[in-house]
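Q: Here it is, the structure in full.
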Amino acid sequence: MSDFKLTQQQLNFMETFGYLCFPGLLNDRIDQIIEAFEQVWVDLNVEHPETQRTYIVPFIGQSEYLSSLLDDDRIDGIFSSLLGEDYVYLGSDGNFYSGDSGWHSDGGWPRRIRHCKMAFYLDPLTANTGALRFIPGSHRYGEAYAETIQQGVATLGETYGIDATDVPAAVMETHPGDVVVFNQGLKHGSWGGSTQRRMFTINCSYRYKEDQMDLLQKEVGMTIGHEGKIYGEKMLATAGPRRLVHLEQPLSIAPGGVPLG
């Protein structure tokens with residue numbers, strides 16, 4: 001059980017606006033995080049051509065050090081506060097971004113299970129150099145405001161007479177060591193960044209109920225990466241009892257990280 005807990009004010013903010021930012025949360029680990037991030041690309045011999053996004057899935061499970069982030073009291077405490085102490089870890093992706101990403105939600109609209117993404121940006125980012133932007137409150141499925149944004153975000157010029165960068169939004173200007181977490185339904189995007197933006201994510205959800213295992217089956221199918229696995233070998237090899245709680249449900253569908261059938 002983590003000793004790191006979000007305050008009620010932070011939980012209220014997350015529920016209403018859909019995101020939280022923790023400046024400097026991992027300053028004590030960031031040098032090793034960056035070193036481990038770079039080593040994964042070397043180990044897998046993946047090159048980034050800079051003309052488009054390059055990604056690796058699964059990602060943190062390729063590194064013993066990055067896998068240990070799930071055991072960090074701060075990371076575990078954030079997810080436990082948001083999703084319950086038995087939350088489900090649903091994988092990660094590592095990225096070199098190139099260009100704009102556009103406004104979008106992750107995983108379809110709507111989703112019956114709440115999913116949260118934790119993002120780690122390894123380069124300083126501002127509004128003009130690719131910082132992540134959020135449309136606060138746009139994650140609230142079924143509410144008029146969020147549904148209006150869902151309908152209009154693909155036709156901003158026609159609907160509102162504006163460009164994507166003119167949408168009223170919160171800009172997450174970040175430095176390495178900062179951590180950003182958000183509801184995956186929240187509309188987010190980035191503009192103006194370089195062709196070498198480094199970031200990786202950790203994705204988690206509520207624990208699935210017995211009558212929701214078909215949804216988990218679909219999530220596992222969407223999370224399978226380059227190796228045909230949901231988790232990297234080092235994620236499993238170094239997992240202690242505390243971490244295994246968060247891997248348990250996906251592993252029931254994908255023993256050893258590999259889906260059945």
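The way I read the labels, and the way they are meant: chains A, B, ... in the order of the structure tokens, residue 1 as the first residue of every chain, and ligand 1 as the first ligand shown, with later ones counted on from there.
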Kindly provide the residues of stretch 3-52 of chain A that approach stretch 74-95 of chain A to within 7 Å, each paired with its closest atom pair and their distance in Å to one decimal, based on only C-alpha atoms, listed by chain and increasing number, as CSV.

A:
residue,atom,partner,partner_atom,distance
A:Asp3,CA,A:Gly77,CA,6.8
A:Phe4,CA,A:Gly77,CA,4.7
A:Lys5,CA,A:Gly77,CA,5.3
A:Leu6,CA,A:Ser81,CA,5.9

Q: Got time to write the residues from that selection, all heavy atoms, as a compact mmCIF listing (two decimals), in the first residue's frame?

A:
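Result saved to part08.txt:
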# COMPACT_ATOMS: atom_id res chain seq x y z
N ASP A 3 2.11 5.06 0.54
CA ASP A 3 1.91 6.15 1.50
C ASP A 3 1.65 7.48 0.80
O ASP A 3 1.26 8.45 1.44
CB ASP A 3 3.15 6.29 2.40
CG ASP A 3 3.34 5.10 3.31
OD1 ASP A 3 2.32 4.50 3.72
OD2 ASP A 3 4.49 4.74 3.60
N PHE A 4 1.86 7.52 -0.51
CA PHE A 4 1.67 8.75 -1.30
C PHE A 4 0.21 8.80 -1.73
O PHE A 4 -0.26 7.94 -2.49
CB PHE A 4 2.60 8.75 -2.50
CG PHE A 4 2.58 10.03 -3.29
CD1 PHE A 4 3.54 11.01 -3.07
CD2 PHE A 4 1.62 10.26 -4.26
CE1 PHE A 4 3.54 12.19 -3.80
CE2 PHE A 4 1.60 11.44 -5.00
CZ PHE A 4 2.57 12.40 -4.76
N LYS A 5 -0.52 9.79 -1.30
CA LYS A 5 -1.95 9.89 -1.61
C LYS A 5 -2.27 11.26 -2.19
O LYS A 5 -1.71 12.28 -1.76
CB LYS A 5 -2.80 9.68 -0.36
CG LYS A 5 -2.62 8.32 0.32
CD LYS A 5 -3.16 7.20 -0.54
CE LYS A 5 -3.07 5.86 0.19
NZ LYS A 5 -3.51 4.73 -0.65
N LEU A 6 -3.17 11.30 -3.15
CA LEU A 6 -3.66 12.57 -3.65
C LEU A 6 -4.62 13.18 -2.63
O LEU A 6 -5.33 12.46 -1.92
CB LEU A 6 -4.38 12.38 -4.98
CG LEU A 6 -3.54 11.84 -6.14
CD1 LEU A 6 -4.37 11.82 -7.42
CD2 LEU A 6 -2.26 12.65 -6.35

Q: Using only C-alpha atoms, determine which residues lie at most 9 Å from A:Ser138, disregarding the query and same-chain residues fewer than 3 positions distant; provide the list as a ChimeraX atom specification.

A: /A:17-18,134-135,141,143,145-150,185-187

Q: Can you pull out the residues contacting A:Pro58? Cut-off 12 Å, using only C-alpha atoms, and skip same-chain residues under 3 positions away; I want them as JSON, numbers by chain.

A: {"A": [40, 44, 55, 61, 62, 63, 66, 67, 89, 90, 91, 92, 93, 94, 95, 200, 201, 202, 203, 220, 222, 223, 224, 225, 226, 227, 228, 229, 230, 231, 232, 233, 234, 235, 257, 258]}

Q: Hey, can you spit out that residue selection with C-alpha atoms as a PDB file, in the first residue's frame?

A:
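Once written, result_35.pdb looks like this:
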ATOM      1  CA  VAL A  40      15.754   0.694 -24.956  1.00  0.00           C
ATOM      2  CA  LEU A  44      15.933  -2.980 -29.862  1.00  0.00           C
ATOM      3  CA  TYR A  55       7.107   4.235 -31.141  1.00  0.00           C
ATOM      4  CA  GLY A  61       8.849  -3.502 -19.740  1.00  0.00           C
ATOM      5  CA  GLN A  62      11.929  -3.539 -21.998  1.00  0.00           C
ATOM      6  CA  SER A  63      13.944  -2.027 -19.137  1.00  0.00           C
ATOM      7  CA  LEU A  66      11.774   1.708 -16.205  1.00  0.00           C
ATOM      8  CA  SER A  67       9.681  -1.249 -15.027  1.00  0.00           C
ATOM      9  CA  TYR A  89      -1.612  -1.794 -15.517  1.00  0.00           C
ATOM     10  CA  LEU A  90      -2.398  -1.950 -19.244  1.00  0.00           C
ATOM     11  CA  GLY A  91       0.992  -1.332 -20.786  1.00  0.00           C
ATOM     12  CA  SER A  92       3.052   1.557 -22.074  1.00  0.00           C
ATOM     13  CA  ASP A  93       4.464   3.120 -25.195  1.00  0.00           C
ATOM     14  CA  GLY A  94       7.745   4.898 -25.826  1.00  0.00           C
ATOM     15  CA  ASN A  95       7.877   7.608 -28.461  1.00  0.00           C
ATOM     16  CA  PHE A 200       6.717   7.589 -22.769  1.00  0.00           C
ATOM     17  CA  THR A 201       3.528   6.645 -20.988  1.00  0.00           C
ATOM     18  CA  ILE A 202       2.115   4.329 -18.355  1.00  0.00           C
ATOM     19  CA  ASN A 203      -1.535   3.376 -18.865  1.00  0.00           C
ATOM     20  CA  VAL A 220      -5.430  -6.368 -24.218  1.00  0.00           C
ATOM     21  CA  MET A 222      -5.379  -3.206 -28.631  1.00  0.00           C
ATOM     22  CA  THR A 223      -2.322  -3.047 -26.360  1.00  0.00           C
ATOM     23  CA  ILE A 224      -0.362  -5.874 -27.958  1.00  0.00           C
ATOM     24  CA  GLY A 225       2.914  -4.506 -29.272  1.00  0.00           C
ATOM     25  CA  HIS A 226       5.683  -5.326 -31.672  1.00  0.00           C
ATOM     26  CA  GLU A 227       6.573  -8.602 -29.936  1.00  0.00           C
ATOM     27  CA  GLY A 228       2.977  -9.853 -29.771  1.00  0.00           C
ATOM     28  CA  LYS A 229       2.987  -9.225 -26.026  1.00  0.00           C
ATOM     29  CA  ILE A 230       1.277  -6.834 -23.629  1.00  0.00           C
ATOM     30  CA  TYR A 231       4.233  -6.751 -21.206  1.00  0.00           C
ATOM     31  CA  GLY A 232       7.976  -6.809 -21.831  1.00  0.00           C
ATOM     32  CA  GLU A 233      10.046  -9.654 -20.415  1.00  0.00           C
ATOM     33  CA  LYS A 234      11.779  -7.459 -17.829  1.00  0.00           C
ATOM     34  CA  MET A 235       8.451  -6.220 -16.483  1.00  0.00           C
ATOM     35  CA  GLY A 257       2.123 -11.484 -21.608  1.00  0.00           C
ATOM     36  CA  VAL A 258       1.021 -13.397 -24.713  1.00  0.00           C
TER      37      VAL A 258
END

Q: Give me, as a PyMOL selection string, the residues of stretch 29-154 of chain A that a backbone DSSP run labels strand (DSSP E or B).

A: chain A and resi 54-56+88-89+94-97+104+115-121+125+132-134

Q: How close does each residue of stretch 155-229 of chain A get to stretch 236-250 of chain A, giving the shortest atom pair and distance in Å to one decimal for every residue with an atom at most 12 Å away, counting only C-alpha atoms, sorted by chain and residue number, as a tab-separated table?

A:
residue	atom	partner	partner_atom	distance
A:Asn203	CA	A:His246	CA	11.1
A:Cys204	CA	A:His246	CA	8.6
A:Ser205	CA	A:His246	CA	9.5
A:Tyr206	CA	A:His246	CA	9.9
A:Arg207	CA	A:Gln249	CA	7.8
A:Tyr208	CA	A:Gln249	CA	7.9
A:Lys209	CA	A:Gln249	CA	10.1
A:Glu210	CA	A:Gln249	CA	10.5
A:Gln212	CA	A:Gln249	CA	11.3
A:Met213	CA	A:Gln249	CA	8.8
A:Asp214	CA	A:Pro250	CA	11.5
A:Leu215	CA	A:Pro250	CA	11.1
A:Leu216	CA	A:Pro250	CA	7.3
A:Gln217	CA	A:Pro250	CA	8.0
A:Lys218	CA	A:Pro250	CA	10.6
A:Glu219	CA	A:Pro250	CA	9.0
A:Val220	CA	A:Pro250	CA	6.7
A:Gly221	CA	A:Pro250	CA	10.2
A:Thr223	CA	A:Pro250	CA	10.3
A:Ile224	CA	A:Pro250	CA	11.0
A:Lys229	CA	A:Pro250	CA	10.7

Q: Based on the backbone DSSP call, show me all residues of stretch 58-169 of chain A assigned alpha helix (DSSP H), as a compact mmCIF listing (two decimals) with C-alpha atoms, in the first residue's frame.

A:
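Listing of selection-v2.txt after writing:
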# COMPACT_ATOMS: atom_id res chain seq x y z
CA GLU A 64 14.37 -3.26 -15.58
CA TYR A 65 14.81 0.32 -14.39
CA LEU A 66 11.77 1.71 -16.20
CA SER A 67 9.68 -1.25 -15.03
CA ASP A 73 5.58 5.04 -4.14
CA ARG A 74 4.67 8.25 -5.96
CA ILE A 75 3.59 6.63 -9.22
CA ASP A 76 1.73 3.85 -7.42
CA GLY A 77 0.16 6.39 -5.07
CA ILE A 78 -1.22 8.50 -7.91
CA PHE A 79 -2.80 5.53 -9.67
CA SER A 80 -4.06 4.04 -6.40
CA SER A 81 -5.72 7.34 -5.50
CA LEU A 82 -7.38 7.66 -8.90
CA LEU A 83 -8.25 4.04 -9.67
CA ALA A 144 -23.53 18.28 -23.14
CA TYR A 145 -20.22 20.20 -23.05
CA ALA A 146 -18.04 17.15 -23.66
CA GLU A 147 -20.35 15.72 -26.31
CA THR A 148 -20.43 19.07 -28.15
CA ILE A 149 -16.63 19.13 -28.23
CA GLN A 150 -16.56 15.52 -29.43
CA GLN A 151 -18.81 16.46 -32.34
CA GLY A 152 -17.11 19.73 -33.25
CA LEU A 156 -13.16 23.45 -36.01
CA GLY A 157 -12.86 25.73 -39.02
CA GLU A 158 -16.35 25.01 -40.29
CA THR A 159 -18.01 24.92 -36.86
CA TYR A 160 -16.18 27.70 -35.00

Q: Find the residues near A:Met172: any atom within 7 Å, counting only C-alpha atoms, skip ones fewer than 2 places away on the same chain, and give them as a PyMOL selection string.

A: chain A and resi 131-133+170+174

Q: Can you spit out the residues from that selection as a PDB file, in the first residue's frame, using N, CA, C and O atoms?

A:
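Listed below is the output, again_28.pdb:
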ATOM      1  N   ALA A 131       4.324  21.336 -26.349  1.00  0.00           N
ATOM      2  CA  ALA A 131       3.743  20.982 -25.055  1.00  0.00           C
ATOM      3  C   ALA A 131       2.328  20.437 -25.231  1.00  0.00           C
ATOM      4  O   ALA A 131       1.567  20.883 -26.095  1.00  0.00           O
ATOM      5  N   LEU A 132       1.971  19.475 -24.409  1.00  0.00           N
ATOM      6  CA  LEU A 132       0.643  18.887 -24.449  1.00  0.00           C
ATOM      7  C   LEU A 132      -0.403  19.916 -24.023  1.00  0.00           C
ATOM      8  O   LEU A 132      -0.191  20.675 -23.084  1.00  0.00           O
ATOM      9  N   ARG A 133      -1.533  19.910 -24.728  1.00  0.00           N
ATOM     10  CA  ARG A 133      -2.647  20.794 -24.395  1.00  0.00           C
ATOM     11  C   ARG A 133      -3.879  19.959 -24.081  1.00  0.00           C
ATOM     12  O   ARG A 133      -4.105  18.917 -24.688  1.00  0.00           O
ATOM     13  N   ALA A 170      -5.735  24.298 -21.746  1.00  0.00           N
ATOM     14  CA  ALA A 170      -4.676  24.358 -20.739  1.00  0.00           C
ATOM     15  C   ALA A 170      -3.418  23.779 -21.354  1.00  0.00           C
ATOM     16  O   ALA A 170      -3.442  22.678 -21.913  1.00  0.00           O
ATOM     17  N   THR A 174       6.248  21.692 -19.634  1.00  0.00           N
ATOM     18  CA  THR A 174       6.895  20.747 -18.734  1.00  0.00           C
ATOM     19  C   THR A 174       8.406  20.741 -18.900  1.00  0.00           C
ATOM     20  O   THR A 174       8.947  21.149 -19.932  1.00  0.00           O
TER      21      THR A 174
END

Q: Pick the closest to A:Ile33 from A:Phe13, A:Trp109, A:Tyr121, A:Tyr19: which is it, counting only C-alpha atoms?

A: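 The closest residue to A:Ile33 is A:Tyr121.
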
Q: Neighbouring residues of A:Thr54 were defined as those with any atom within 10 Å, considering only C-alpha atoms; residues of the same chain fewer than 4 positions away were excluded. Please report them as a list in words.

A: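 Counting only C-alpha atoms, the residues come to Val46, Glu47, His48, Pro49, Glu50, Gly94, Asn95, Phe96, Tyr97, Ser98, Gln196 and Arg198 of chain A.
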
Q: Write out the residues from the selection above, keeping N, CA, C and O atoms, as a tab-separated table (two decimals), in the first residue's frame.

A:
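Result file is again-v9.tsv:
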chain	number	residue	atom	x	y	z
A	46	VAL	N	16.04	0.27	-32.85
A	46	VAL	CA	14.97	1.04	-33.50
A	46	VAL	C	15.48	2.45	-33.75
A	46	VAL	O	15.92	3.13	-32.82
A	47	GLU	N	15.41	2.89	-34.99
A	47	GLU	CA	15.84	4.24	-35.35
A	47	GLU	C	14.64	5.13	-35.63
A	47	GLU	O	13.59	4.66	-36.08
A	48	HIS	N	14.80	6.40	-35.35
A	48	HIS	CA	13.73	7.38	-35.56
A	48	HIS	C	14.06	8.21	-36.80
A	48	HIS	O	15.03	8.97	-36.81
A	49	PRO	N	13.25	8.10	-37.89
A	49	PRO	CA	13.56	8.81	-39.13
A	49	PRO	C	13.22	10.30	-39.10
A	49	PRO	O	13.54	11.02	-40.04
A	50	GLU	N	12.53	10.77	-38.07
A	50	GLU	CA	12.16	12.17	-37.85
A	50	GLU	C	11.02	12.66	-38.73
A	50	GLU	O	10.49	13.74	-38.49
A	94	GLY	N	6.64	3.95	-25.79
A	94	GLY	CA	7.75	4.90	-25.83
A	94	GLY	C	7.79	5.55	-27.18
A	94	GLY	O	7.57	4.89	-28.21
A	95	ASN	N	8.06	6.86	-27.22
A	95	ASN	CA	7.88	7.61	-28.46
A	95	ASN	C	8.99	8.61	-28.73
A	95	ASN	O	9.53	9.23	-27.82
A	96	PHE	N	9.29	8.75	-30.02
A	96	PHE	CA	9.91	9.95	-30.55
A	96	PHE	C	8.83	10.60	-31.41
A	96	PHE	O	8.41	10.03	-32.43
A	97	TYR	N	8.35	11.76	-31.00
A	97	TYR	CA	7.30	12.45	-31.75
A	97	TYR	C	7.90	13.39	-32.79
A	97	TYR	O	8.97	13.96	-32.60
A	98	SER	N	7.15	13.54	-33.87
A	98	SER	CA	7.54	14.45	-34.93
A	98	SER	C	6.29	15.14	-35.46
A	98	SER	O	5.35	14.48	-35.92
A	196	GLN	N	12.11	15.49	-32.66
A	196	GLN	CA	12.84	14.60	-31.76
A	196	GLN	C	12.27	14.63	-30.34
A	196	GLN	O	13.03	14.50	-29.38
A	198	ARG	N	10.90	13.38	-27.06
A	198	ARG	CA	10.93	12.08	-26.38
A	198	ARG	C	9.88	12.03	-25.27
A	198	ARG	O	9.80	12.94	-24.46

Q: List as a list in words the protein and nucleic acid residues near A:Trp191, meaning an atom at most 8 Å away when only C-alpha atoms are counted, but skip any in the same chain fewer than 3 places from it.

A: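 That gives Gly99, Asp100, Ser101, Gly102, Ala127, Asn128, Thr129, Gly130, Ala131, Leu132 and Thr165 of chain A.
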
Q: Restricting it to N, CA, C and O atoms, dump the selection as a PDB file, in the first residue's frame.

A:
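Output file part.pdb follows:
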ATOM      1  N   GLY A  99       6.230  16.461 -35.344  1.00  0.00           N
ATOM      2  CA  GLY A  99       5.086  17.203 -35.852  1.00  0.00           C
ATOM      3  C   GLY A  99       3.938  17.286 -34.867  1.00  0.00           C
ATOM      4  O   GLY A  99       4.077  16.979 -33.683  1.00  0.00           O
ATOM      5  N   ASP A 100       2.770  17.710 -35.377  1.00  0.00           N
ATOM      6  CA  ASP A 100       1.593  17.936 -34.557  1.00  0.00           C
ATOM      7  C   ASP A 100       0.810  16.638 -34.373  1.00  0.00           C
ATOM      8  O   ASP A 100       0.874  15.731 -35.208  1.00  0.00           O
ATOM      9  N   SER A 101       0.028  16.585 -33.292  1.00  0.00           N
ATOM     10  CA  SER A 101      -0.766  15.380 -33.050  1.00  0.00           C
ATOM     11  C   SER A 101      -2.256  15.590 -33.271  1.00  0.00           C
ATOM     12  O   SER A 101      -2.991  14.624 -33.457  1.00  0.00           O
ATOM     13  N   GLY A 102      -2.739  16.827 -33.237  1.00  0.00           N
ATOM     14  CA  GLY A 102      -4.157  17.091 -33.403  1.00  0.00           C
ATOM     15  C   GLY A 102      -4.955  16.747 -32.154  1.00  0.00           C
ATOM     16  O   GLY A 102      -4.491  16.019 -31.277  1.00  0.00           O
ATOM     17  N   ALA A 127       4.417  26.015 -25.032  1.00  0.00           N
ATOM     18  CA  ALA A 127       3.253  26.078 -25.916  1.00  0.00           C
ATOM     19  C   ALA A 127       3.657  26.071 -27.381  1.00  0.00           C
ATOM     20  O   ALA A 127       2.932  25.548 -28.235  1.00  0.00           O
ATOM     21  N   ASN A 128       4.812  26.652 -27.684  1.00  0.00           N
ATOM     22  CA  ASN A 128       5.245  26.765 -29.080  1.00  0.00           C
ATOM     23  C   ASN A 128       6.176  25.648 -29.523  1.00  0.00           C
ATOM     24  O   ASN A 128       6.587  25.601 -30.677  1.00  0.00           O
ATOM     25  N   THR A 129       6.524  24.756 -28.593  1.00  0.00           N
ATOM     26  CA  THR A 129       7.477  23.694 -28.951  1.00  0.00           C
ATOM     27  C   THR A 129       6.940  22.306 -28.613  1.00  0.00           C
ATOM     28  O   THR A 129       7.707  21.415 -28.238  1.00  0.00           O
ATOM     29  N   GLY A 130       5.629  22.119 -28.718  1.00  0.00           N
ATOM     30  CA  GLY A 130       5.065  20.784 -28.612  1.00  0.00           C
ATOM     31  C   GLY A 130       4.522  20.386 -27.268  1.00  0.00           C
ATOM     32  O   GLY A 130       4.250  19.195 -27.038  1.00  0.00           O
ATOM     33  N   ALA A 131       4.324  21.336 -26.349  1.00  0.00           N
ATOM     34  CA  ALA A 131       3.743  20.982 -25.055  1.00  0.00           C
ATOM     35  C   ALA A 131       2.328  20.437 -25.231  1.00  0.00           C
ATOM     36  O   ALA A 131       1.567  20.883 -26.095  1.00  0.00           O
ATOM     37  N   LEU A 132       1.971  19.475 -24.409  1.00  0.00           N
ATOM     38  CA  LEU A 132       0.643  18.887 -24.449  1.00  0.00           C
ATOM     39  C   LEU A 132      -0.403  19.916 -24.023  1.00  0.00           C
ATOM     40  O   LEU A 132      -0.191  20.675 -23.084  1.00  0.00           O
ATOM     41  N   THR A 165      -5.043  25.303 -32.925  1.00  0.00           N
ATOM     42  CA  THR A 165      -4.253  25.957 -31.873  1.00  0.00           C
ATOM     43  C   THR A 165      -4.985  27.109 -31.206  1.00  0.00           C
ATOM     44  O   THR A 165      -4.504  27.653 -30.207  1.00  0.00           O
TER      45      THR A 165
END
